[in-house]
Amino acid sequence: MQTPTAAATAPIDMPEIAEALARMERCLRAVGCERVPLDDAAGRVCAEALPARLDAPPFAVAAMDGYALRWADADALLARSGVTRAGDPIGPPLAPGTCRRIFTGAPVPPGADTVVVQELTETVGERLRILPGAEPHRHIRAAGSNFGTGTPVTRPGTRLSARDIGLAAAAGHAEIRVHRRPRVAVLSTGSELSRAFADGQAGQILNANRPALKALVRSWGGVPLDLGIAADDGAALSVALSRARATAGIDLLVTSGGASVGDFDLLSPVLAELGFEPAFRKVRMRPGKATLFGRLGQLPVLGLPGNAVAALVSALLFLGPAMSRLAGAGWAEPSPERAVLATPLPATGPRTTFLRGRLGRVGRGVPTFSVLADQDNAMLSGLALADALVLRPADAPPAAPGEPVAVLRFDLSPGF
Ligand SMILES: Nc1nc2c(c(=O)[nH]1)N[C@H]1C(S)=C(S)[C@@H](COP(=O)(O)OP(=O)(O)OC[C@H]3O[C@@H](n4cnc5c(N)ncnc54)[C@H](O)[C@@H]3O)O[C@H]1N2
Ligand code: MOO
């Protein structure tokens with residue numbers, strides 16, 4: 001991990017989202033690699049350009065069931081000379097004036113330059129007539145026409161799809177080098193958090209962020225490590241953070257809560273005592289202002305707000321790209337799409353603002369966006385119902401139905 005260079009020179013203020021992301025990007029590197037069987041490679045991030053170990057197809061093969069022949073002989077009545085099925089050896093060369101019965105996938109005999117589909121042939125006694133409609137040089141897949149030996153068949157930095165895995169297998173590979181899954185530790189902070197429904201006592205809140213963040217880590221290709229709950233107590237938080245720093249193999253620590261300005265929001269002061277190097281301690285966005293990022297020794301730390309909606313919106317913007325970079329798939333920020341307002345929007349305050357809403361579609365045009373009534377940053381019911389966020393610039397005036405807006409669609413961040 002590189003030193004957060006911007007943070008070293010810039011004041012630790014409240015950067016805009018783009019600046020905060022840029023500072024974060026400079027601090028994160030892809031994790032190491034491992035070799036896995038192709039059967040376990042789906043969705044993993046490829047770390048090598050596998051070269052094909054053979055020509056494919058390895059020899060000329062018939063693409064249809066029919067007869068192999070020399071096109072120059074097509075006007076004659078052809079003598080039959082044997083049969084080749086898929087899996088048969090290549091067989092002897094085809095003598096002039098003859099044809100060979102052949103089936104899809106079978107090696108084409110040397111000398112033949114055309115396969116005529118059986119539907120365009122006619123048997124005349126012992127011989128074969130080629131009917132009008134047959135075409136020269138058809139229905140043969142030349143040796144190496146799919147790929148040649150040495151051709152790279154996988155691309156580093158891409159998530160392996162079923163298509164990639166099929167191609168790698170066709171190219172003679174049973175294993176592939178991939179990035180290991182990033183290990184992301186999740187620490188919830190807050191004395192009010194209870195561990196489970198049955199524990200719930202007066203004054204306690206169920207821990208929604210922990211399972212939600214672990215789910216995101218898993219959906220985005222990582223392995224979550226649950227570090228439990230730290231109370232709003234300096235000593236407890238210090239122990240939990242120091243333990244995380246000392247634990248080998250954690251690629252990123254994600255905390256939630258305790259990041260604001262209350263007397264019991266201790267994350268920032270405790271991190272500072274432990275020698276944290278911040279890249280930013282707040283972001284000019286709503287929700288999600290209480291987001292911090294930096295390095296605790298070698299360990300990158302992303303501090304998300306406690307409010308459940310703020311935590312998830314901030315995770316969409318910051319944890320998503322971080323996971324993508326750590327996983328080896330490159331830095332990938334959620335990209336806004338165009339939509340048209342179906343409902344009015346209020347003026348925004350001094351931070352870039354995200355409002356939850358639902359997309360609709362009118363004809364084939366850009367989708368419509370209807371803002372939801374519930375925009376409380378702690379209340380998950382509205383976020384669960386939403387399928388997009390509208391992105392409003394800071395200090396934007398009210399907007400009316402019909403106006404174009406930018407939206408972040410949740411379906412473009414699978415698992416969110
Ligand atoms: N005087 C100010 N107060 C607050 C400000 C501010 O600027 N000045 N910022 C507000 C904003 S914005 C947010 S967001 C929150 C951020 O607070 P923290 O990150 O310090 O989070 P907490 O205070 O610990 O918790 C806030 C809220 O979220 C609930 N919570 C916490 N963890 C979880 C969890 N794991 N699962 C479910 N819910 C959780 C917690 O009970 C609180 O209700 O601060 C505002 N205040
Ligand atoms: O900005 Mo807080 O992080 O609004 O919810």
# chains A, B, ... in the order shown; residues from 1 in each chain; ligands from 1
>>> select_by_dssp(residues="range 130-344 of chain A", states="strand (DSSP E)", output="VMD selection string")
chain A and resid 130 140 to 141 175 to 179 183 to 189 193 to 194 205 to 206 223 to 230 252 to 256 277 to 280 285 to 286 292 to 296 299 to 304 337 to 341
>>> closest_atom_pairs(of="range 10-116 of chain A", to="range 164-178 of chain A", cutoff="8 Å", atoms="only C-alpha atoms", output="tab-separated table")
residue	atom	partner	partner_atom	distance
A:Cys33	CA	A:Val178	CA	5.4
A:Glu34	CA	A:Arg177	CA	5.5
A:Arg35	CA	A:Arg177	CA	4.2
A:Val36	CA	A:Glu175	CA	5.4
A:Pro37	CA	A:Glu175	CA	4.2
A:Leu38	CA	A:Glu175	CA	4.9
A:Ala41	CA	A:Ile176	CA	7.4
A:Ala42	CA	A:Ile165	CA	7.3
A:Arg44	CA	A:Val178	CA	6.3
A:Val45	CA	A:Val178	CA	5.4
A:Cys46	CA	A:Val178	CA	4.5
A:Ala47	CA	A:Val178	CA	4.6
A:Glu48	CA	A:Arg177	CA	6.0
A:Leu50	CA	A:Ala168	CA	7.4
A:Pro51	CA	A:Ala171	CA	7.6
A:Ala52	CA	A:Ala171	CA	4.6
A:Arg53	CA	A:Gly172	CA	5.5
A:Leu54	CA	A:Ala171	CA	6.3
A:Asp55	CA	A:Ala171	CA	7.9
A:Ala56	CA	A:Ala171	CA	7.5
>>> residues_around(residues="range 399-413 of chain A", least_positions_apart="3", cutoff="9 Å", atoms="only C-alpha atoms", output="PyMOL selection string")
chain A and resi 220+316+320+334-347+354+359+368-369+386-392+396+416
>>> write_last_selection(atoms="C-alpha atoms", output="PDB file, in the first residue's frame")
ATOM      1  CA  TRP A 220     -18.370  -8.051  -4.196  1.00  0.00           C
ATOM      2  CA  LEU A 316     -21.886   1.774  -2.419  1.00  0.00           C
ATOM      3  CA  GLY A 320     -17.481  -0.951  -3.895  1.00  0.00           C
ATOM      4  CA  PRO A 334     -20.504   3.443  -9.627  1.00  0.00           C
ATOM      5  CA  SER A 335     -21.382   5.423 -12.708  1.00  0.00           C
ATOM      6  CA  PRO A 336     -24.443   7.674 -12.859  1.00  0.00           C
ATOM      7  CA  GLU A 337     -27.026   7.138 -15.594  1.00  0.00           C
ATOM      8  CA  ARG A 338     -29.585   9.528 -17.001  1.00  0.00           C
ATOM      9  CA  ALA A 339     -33.204   9.575 -15.851  1.00  0.00           C
ATOM     10  CA  VAL A 340     -36.144  11.957 -15.993  1.00  0.00           C
ATOM     11  CA  LEU A 341     -37.914  13.112 -12.863  1.00  0.00           C
ATOM     12  CA  ALA A 342     -41.455  11.852 -12.346  1.00  0.00           C
ATOM     13  CA  THR A 343     -41.818  13.663  -9.003  1.00  0.00           C
ATOM     14  CA  PRO A 344     -40.493  17.017  -7.797  1.00  0.00           C
ATOM     15  CA  LEU A 345     -37.292  17.210  -5.751  1.00  0.00           C
ATOM     16  CA  PRO A 346     -36.524  19.680  -2.977  1.00  0.00           C
ATOM     17  CA  ALA A 347     -33.557  22.048  -3.053  1.00  0.00           C
ATOM     18  CA  PHE A 354     -28.479  11.172  -2.645  1.00  0.00           C
ATOM     19  CA  LEU A 359     -37.171   3.842 -11.501  1.00  0.00           C
ATOM     20  CA  THR A 368     -38.216   7.940 -14.887  1.00  0.00           C
ATOM     21  CA  PHE A 369     -37.264   8.494 -11.258  1.00  0.00           C
ATOM     22  CA  ALA A 386     -35.690   1.816  -3.613  1.00  0.00           C
ATOM     23  CA  ASP A 387     -33.905   0.669  -6.747  1.00  0.00           C
ATOM     24  CA  ALA A 388     -31.845   3.795  -7.382  1.00  0.00           C
ATOM     25  CA  LEU A 389     -30.466   6.950  -5.825  1.00  0.00           C
ATOM     26  CA  VAL A 390     -30.814  10.310  -7.489  1.00  0.00           C
ATOM     27  CA  LEU A 391     -27.560  12.240  -7.284  1.00  0.00           C
ATOM     28  CA  ARG A 392     -28.117  15.960  -6.632  1.00  0.00           C
ATOM     29  CA  ALA A 396     -29.155  22.642  -6.255  1.00  0.00           C
ATOM     30  CA  PHE A 416     -26.339  -3.997  -3.154  1.00  0.00           C
TER      31      PHE A 416
END
>>> residues_near_ligand(ligand="ligand 2", cutoff="12 Å", atoms="only C-alpha atoms and all ligand atoms", output="NGL selection string")
:A and (14 or 256-261 or 281-292 or 303-315 or 349-355 or 375-380)
>>> write_last_selection(atoms="N, CA and C atoms", output="CSV table (one decimal), in the first residue's frame")
chain,number,residue,atom,x,y,z
A,14,MET,N,-13.2,18.4,4.5
A,14,MET,CA,-14.3,17.6,4.1
A,14,MET,C,-14.3,17.6,2.5
A,256,SER,N,-18.3,0.5,11.4
A,256,SER,CA,-19.5,1.4,11.2
A,256,SER,C,-19.8,2.0,12.6
A,257,GLY,N,-20.2,3.3,12.5
A,257,GLY,CA,-20.6,4.0,13.7
A,257,GLY,C,-19.5,4.7,14.4
A,258,GLY,N,-19.8,5.6,15.3
A,258,GLY,CA,-18.8,6.3,16.1
A,258,GLY,C,-18.0,7.3,15.4
A,259,ALA,N,-18.4,7.7,14.2
A,259,ALA,CA,-17.5,8.5,13.3
A,259,ALA,C,-17.9,10.0,13.3
A,260,SER,N,-19.0,10.3,14.1
A,260,SER,CA,-19.5,11.7,14.0
A,260,SER,C,-18.8,12.5,15.1
A,261,VAL,N,-19.6,13.5,15.6
A,261,VAL,CA,-18.9,14.4,16.6
A,261,VAL,C,-19.4,14.3,18.0
A,281,ARG,N,-11.4,12.4,6.7
A,281,ARG,CA,-12.2,12.1,7.9
A,281,ARG,C,-13.7,12.4,7.8
A,282,LYS,N,-14.0,13.0,6.6
A,282,LYS,CA,-15.4,13.3,6.4
A,282,LYS,C,-15.5,13.5,4.8
A,283,VAL,N,-16.7,13.4,4.3
A,283,VAL,CA,-17.0,13.6,2.9
A,283,VAL,C,-18.2,14.5,2.7
A,284,ARG,N,-18.1,15.4,1.7
A,284,ARG,CA,-19.1,16.4,1.5
A,284,ARG,C,-20.3,15.7,0.8
A,285,MET,N,-21.0,14.8,1.5
A,285,MET,CA,-22.1,14.1,0.9
A,285,MET,C,-23.2,13.8,1.9
A,286,ARG,N,-24.4,13.6,1.5
A,286,ARG,CA,-25.5,13.4,2.4
A,286,ARG,C,-26.4,12.3,1.8
A,287,PRO,N,-26.6,11.2,2.4
A,287,PRO,CA,-26.0,10.8,3.6
A,287,PRO,C,-24.6,10.3,3.4
A,288,GLY,N,-23.9,10.1,4.5
A,288,GLY,CA,-22.5,9.5,4.4
A,288,GLY,C,-21.4,10.5,4.8
A,289,LYS,N,-21.8,11.7,5.3
A,289,LYS,CA,-20.7,12.6,5.7
A,289,LYS,C,-19.7,12.0,6.6
A,290,ALA,N,-20.2,11.2,7.6
A,290,ALA,CA,-19.3,10.6,8.6
A,290,ALA,C,-18.6,9.4,8.0
A,291,THR,N,-17.9,9.6,6.9
A,291,THR,CA,-17.1,8.5,6.3
A,291,THR,C,-15.6,8.9,6.4
A,292,LEU,N,-14.8,7.9,6.9
A,292,LEU,CA,-13.4,8.2,6.9
A,292,LEU,C,-12.6,7.1,6.3
A,303,GLY,N,-14.0,3.9,7.6
A,303,GLY,CA,-15.0,4.1,8.6
A,303,GLY,C,-16.3,4.6,8.0
A,304,LEU,N,-17.4,3.8,8.2
A,304,LEU,CA,-18.7,4.2,7.6
A,304,LEU,C,-19.5,4.8,8.8
A,305,PRO,N,-20.5,5.6,8.4
A,305,PRO,CA,-21.4,6.1,9.4
A,305,PRO,C,-22.2,5.0,10.1
A,306,GLY,N,-22.7,5.3,11.3
A,306,GLY,CA,-23.6,4.3,12.0
A,306,GLY,C,-25.0,4.2,11.4
A,307,ASN,N,-25.5,5.3,11.0
A,307,ASN,CA,-26.9,5.3,10.4
A,307,ASN,C,-26.9,4.3,9.3
A,308,ALA,N,-27.9,3.4,9.4
A,308,ALA,CA,-27.9,2.2,8.5
A,308,ALA,C,-27.9,2.6,7.0
A,309,VAL,N,-28.7,3.6,6.6
A,309,VAL,CA,-28.8,4.0,5.2
A,309,VAL,C,-27.5,4.7,4.8
A,310,ALA,N,-27.0,5.6,5.7
A,310,ALA,CA,-25.8,6.3,5.4
A,310,ALA,C,-24.6,5.3,5.2
A,311,ALA,N,-24.6,4.2,6.1
A,311,ALA,CA,-23.6,3.2,6.0
A,311,ALA,C,-23.6,2.5,4.6
A,312,LEU,N,-24.8,2.2,4.2
A,312,LEU,CA,-24.9,1.5,2.9
A,312,LEU,C,-24.7,2.4,1.7
A,313,VAL,N,-25.1,3.6,1.7
A,313,VAL,CA,-24.9,4.5,0.6
A,313,VAL,C,-23.4,4.8,0.5
A,314,SER,N,-22.8,5.0,1.7
A,314,SER,CA,-21.3,5.2,1.7
A,314,SER,C,-20.6,4.0,1.2
A,315,ALA,N,-21.1,2.8,1.6
A,315,ALA,CA,-20.5,1.5,1.1
A,315,ALA,C,-20.6,1.4,-0.4
A,349,GLY,N,-29.0,20.9,0.2
A,349,GLY,CA,-28.1,21.7,1.1
A,349,GLY,C,-26.7,21.8,0.6
A,350,PRO,N,-25.8,22.0,1.4
A,350,PRO,CA,-24.4,22.3,1.0
A,350,PRO,C,-23.6,21.0,0.7
A,351,ARG,N,-24.2,19.8,0.7
A,351,ARG,CA,-23.5,18.6,0.3
A,351,ARG,C,-24.1,17.9,-0.9
A,352,THR,N,-23.3,17.2,-1.7
A,352,THR,CA,-23.9,16.4,-2.7
A,352,THR,C,-24.9,15.4,-2.0
A,353,THR,N,-26.0,15.3,-2.6
A,353,THR,CA,-27.1,14.6,-1.9
A,353,THR,C,-27.7,13.5,-2.7
A,354,PHE,N,-27.9,12.4,-2.0
A,354,PHE,CA,-28.5,11.2,-2.6
A,354,PHE,C,-29.9,10.9,-2.0
A,355,LEU,N,-30.9,10.8,-2.9
A,355,LEU,CA,-32.2,10.6,-2.4
A,355,LEU,C,-32.7,9.2,-3.0
A,375,GLN,N,-36.9,9.6,3.6
A,375,GLN,CA,-35.5,9.8,3.3
A,375,GLN,C,-34.6,9.9,4.6
A,376,ASP,N,-35.1,9.3,5.6
A,376,ASP,CA,-34.4,9.3,6.9
A,376,ASP,C,-33.1,8.4,6.8
A,377,ASN,N,-32.0,9.0,7.2
A,377,ASN,CA,-30.7,8.3,7.0
A,377,ASN,C,-30.5,7.1,7.8
A,378,ALA,N,-31.4,6.8,8.8
A,378,ALA,CA,-31.3,5.6,9.6
A,378,ALA,C,-32.3,4.6,9.3
A,379,MET,N,-33.2,4.9,8.4
A,379,MET,CA,-34.4,4.0,8.2
A,379,MET,C,-34.2,3.1,6.9
A,380,LEU,N,-34.0,1.9,7.1
A,380,LEU,CA,-33.7,1.0,6.0
A,380,LEU,C,-34.9,0.6,5.1
>>> residues_around(residues="Leu274 in chain A", least_positions_apart="5", cutoff="10 Å", atoms="only C-alpha atoms", output="PDB file with N, CA and C atoms, in the first residue's frame")
ATOM      1  N   SER A 238     -10.006   0.850  21.271  1.00  0.00           N
ATOM      2  CA  SER A 238      -8.564   0.779  21.041  1.00  0.00           C
ATOM      3  C   SER A 238      -8.105  -0.679  20.948  1.00  0.00           C
ATOM      4  N   LEU A 241      -9.389  -2.171  17.589  1.00  0.00           N
ATOM      5  CA  LEU A 241      -8.652  -1.666  16.420  1.00  0.00           C
ATOM      6  C   LEU A 241      -7.217  -2.206  16.414  1.00  0.00           C
ATOM      7  N   SER A 242      -6.606  -2.260  17.602  1.00  0.00           N
ATOM      8  CA  SER A 242      -5.223  -2.767  17.671  1.00  0.00           C
ATOM      9  C   SER A 242      -5.179  -4.236  17.275  1.00  0.00           C
ATOM     10  N   ARG A 245      -5.395  -4.494  13.578  1.00  0.00           N
ATOM     11  CA  ARG A 245      -4.111  -4.153  12.946  1.00  0.00           C
ATOM     12  C   ARG A 245      -3.124  -5.302  13.067  1.00  0.00           C
ATOM     13  N   SER A 268     -12.535   8.404  15.552  1.00  0.00           N
ATOM     14  CA  SER A 268     -11.444   9.249  15.057  1.00  0.00           C
ATOM     15  C   SER A 268     -10.376   9.496  16.121  1.00  0.00           C
ATOM     16  N   PRO A 269     -10.769   9.924  17.354  1.00  0.00           N
ATOM     17  CA  PRO A 269      -9.722  10.138  18.364  1.00  0.00           C
ATOM     18  C   PRO A 269      -8.944   8.867  18.705  1.00  0.00           C
ATOM     19  N   LEU A 296      -3.972   2.388   9.108  1.00  0.00           N
ATOM     20  CA  LEU A 296      -3.547   2.121  10.478  1.00  0.00           C
ATOM     21  C   LEU A 296      -2.382   1.136  10.351  1.00  0.00           C
ATOM     22  N   GLY A 297      -1.150   1.640  10.419  1.00  0.00           N
ATOM     23  CA  GLY A 297      -0.009   0.802  10.049  1.00  0.00           C
ATOM     24  C   GLY A 297      -0.173   0.425   8.584  1.00  0.00           C
TER      25      GLY A 297
END
>>> select_by_dssp(residues="range 240-401 of chain A", states="helix (DSSP H, G or I)", output="MDAnalysis selection string")
chainID A and resid 240:246 267:273 308:327 380:385
>>> write_last_selection(atoms="N, CA and C atoms", output="CSV table (one decimal), in the first residue's frame")
chain,number,residue,atom,x,y,z
A,240,ALA,N,-10.0,-3.3,20.1
A,240,ALA,CA,-10.5,-3.9,18.9
A,240,ALA,C,-9.7,-3.4,17.7
A,241,LEU,N,-9.4,-2.2,17.6
A,241,LEU,CA,-8.7,-1.7,16.4
A,241,LEU,C,-7.2,-2.2,16.4
A,242,SER,N,-6.6,-2.3,17.6
A,242,SER,CA,-5.2,-2.8,17.7
A,242,SER,C,-5.2,-4.2,17.3
A,243,ARG,N,-6.2,-5.0,17.7
A,243,ARG,CA,-6.3,-6.4,17.3
A,243,ARG,C,-6.4,-6.6,15.8
A,244,ALA,N,-7.2,-5.7,15.2
A,244,ALA,CA,-7.4,-5.8,13.8
A,244,ALA,C,-6.1,-5.5,13.1
A,245,ARG,N,-5.4,-4.5,13.6
A,245,ARG,CA,-4.1,-4.2,12.9
A,245,ARG,C,-3.1,-5.3,13.1
A,246,ALA,N,-3.2,-6.0,14.2
A,246,ALA,CA,-2.2,-7.1,14.5
A,246,ALA,C,-2.5,-8.4,13.8
A,267,LEU,N,-14.3,7.0,17.3
A,267,LEU,CA,-13.5,6.3,16.3
A,267,LEU,C,-12.3,7.2,15.9
A,268,SER,N,-12.5,8.4,15.6
A,268,SER,CA,-11.4,9.2,15.1
A,268,SER,C,-10.4,9.5,16.1
A,269,PRO,N,-10.8,9.9,17.4
A,269,PRO,CA,-9.7,10.1,18.4
A,269,PRO,C,-8.9,8.9,18.7
A,270,VAL,N,-9.6,7.7,18.8
A,270,VAL,CA,-8.9,6.5,19.1
A,270,VAL,C,-8.0,6.1,18.0
A,271,LEU,N,-8.5,6.2,16.8
A,271,LEU,CA,-7.6,5.9,15.6
A,271,LEU,C,-6.3,6.8,15.7
A,272,ALA,N,-6.6,8.1,16.0
A,272,ALA,CA,-5.5,9.1,16.0
A,272,ALA,C,-4.4,8.7,17.0
A,273,GLU,N,-4.9,8.2,18.2
A,273,GLU,CA,-4.0,7.8,19.2
A,273,GLU,C,-3.1,6.6,18.8
A,308,ALA,N,-27.9,3.4,9.4
A,308,ALA,CA,-27.9,2.2,8.5
A,308,ALA,C,-27.9,2.6,7.0
A,309,VAL,N,-28.7,3.6,6.6
A,309,VAL,CA,-28.8,4.0,5.2
A,309,VAL,C,-27.5,4.7,4.8
A,310,ALA,N,-27.0,5.6,5.7
A,310,ALA,CA,-25.8,6.3,5.4
A,310,ALA,C,-24.6,5.3,5.2
A,311,ALA,N,-24.6,4.2,6.1
A,311,ALA,CA,-23.6,3.2,6.0
A,311,ALA,C,-23.6,2.5,4.6
A,312,LEU,N,-24.8,2.2,4.2
A,312,LEU,CA,-24.9,1.5,2.9
A,312,LEU,C,-24.7,2.4,1.7
A,313,VAL,N,-25.1,3.6,1.7
A,313,VAL,CA,-24.9,4.5,0.6
A,313,VAL,C,-23.4,4.8,0.5
A,314,SER,N,-22.8,5.0,1.7
A,314,SER,CA,-21.3,5.2,1.7
A,314,SER,C,-20.6,4.0,1.2
A,315,ALA,N,-21.1,2.8,1.6
A,315,ALA,CA,-20.5,1.5,1.1
A,315,ALA,C,-20.6,1.4,-0.4
A,316,LEU,N,-21.7,1.8,-1.0
A,316,LEU,CA,-21.9,1.8,-2.4
A,316,LEU,C,-20.8,2.6,-3.1
A,317,LEU,N,-20.6,3.8,-2.5
A,317,LEU,CA,-19.6,4.7,-3.2
A,317,LEU,C,-18.2,4.4,-2.9
A,318,PHE,N,-17.9,3.9,-1.7
A,318,PHE,CA,-16.5,3.8,-1.3
A,318,PHE,C,-16.0,2.3,-1.2
A,319,LEU,N,-16.9,1.5,-0.5
A,319,LEU,CA,-16.5,0.1,-0.4
A,319,LEU,C,-16.5,-0.7,-1.7
A,320,GLY,N,-17.4,-0.3,-2.6
A,320,GLY,CA,-17.5,-1.0,-3.9
A,320,GLY,C,-16.2,-0.8,-4.7
A,321,PRO,N,-15.7,0.4,-4.9
A,321,PRO,CA,-14.5,0.6,-5.7
A,321,PRO,C,-13.3,0.0,-4.9
A,322,ALA,N,-13.3,0.1,-3.6
A,322,ALA,CA,-12.2,-0.4,-2.8
A,322,ALA,C,-12.1,-2.0,-3.0
A,323,MET,N,-13.3,-2.6,-3.0
A,323,MET,CA,-13.3,-4.1,-3.1
A,323,MET,C,-12.8,-4.5,-4.5
A,324,SER,N,-13.3,-3.7,-5.5
A,324,SER,CA,-12.9,-4.0,-6.9
A,324,SER,C,-11.4,-3.9,-7.0
A,325,ARG,N,-10.8,-2.8,-6.5
A,325,ARG,CA,-9.3,-2.6,-6.6
A,325,ARG,C,-8.6,-3.7,-5.9
A,326,LEU,N,-9.0,-4.0,-4.6
A,326,LEU,CA,-8.3,-5.1,-3.8
A,326,LEU,C,-8.4,-6.4,-4.6
A,327,ALA,N,-9.6,-6.7,-5.2
A,327,ALA,CA,-9.8,-8.0,-5.8
A,327,ALA,C,-9.0,-8.1,-7.1
A,380,LEU,N,-34.0,1.9,7.1
A,380,LEU,CA,-33.7,1.0,6.0
A,380,LEU,C,-34.9,0.6,5.1
A,381,SER,N,-36.1,0.8,5.7
A,381,SER,CA,-37.3,0.3,4.9
A,381,SER,C,-37.3,1.0,3.6
A,382,GLY,N,-37.1,2.3,3.5
A,382,GLY,CA,-37.1,3.1,2.3
A,382,GLY,C,-36.0,2.6,1.3
A,383,LEU,N,-34.8,2.4,1.9
A,383,LEU,CA,-33.7,2.0,1.0
A,383,LEU,C,-34.0,0.6,0.4
A,384,ALA,N,-34.6,-0.3,1.2
A,384,ALA,CA,-34.9,-1.6,0.7
A,384,ALA,C,-35.9,-1.6,-0.4
A,385,LEU,N,-36.8,-0.6,-0.4
A,385,LEU,CA,-37.8,-0.5,-1.4
A,385,LEU,C,-37.3,0.2,-2.7
>>> closest_residue(among="A:Asp73, A:Asp232, A:Asp113, A:Glu19", to="ligand 1", atoms="only C-alpha atoms and all ligand atoms")
A:Asp232
>>> residues_around(residues="Pro300 in chain A", least_positions_apart="2", cutoff="6 Å", atoms="only C-alpha atoms", output="PyMOL selection string")
chain A and resi 252+294-295
>>> atom_distance(atom1="CA of Ala196 in chain A", atom2="CA of Gly415 in chain A")
23.3 Å
>>> closest_residue(among="A:Pro211, A:Pro110, A:Gly357, A:Gly97", to="ligand 1", atoms="only C-alpha atoms and all ligand atoms")
A:Pro211
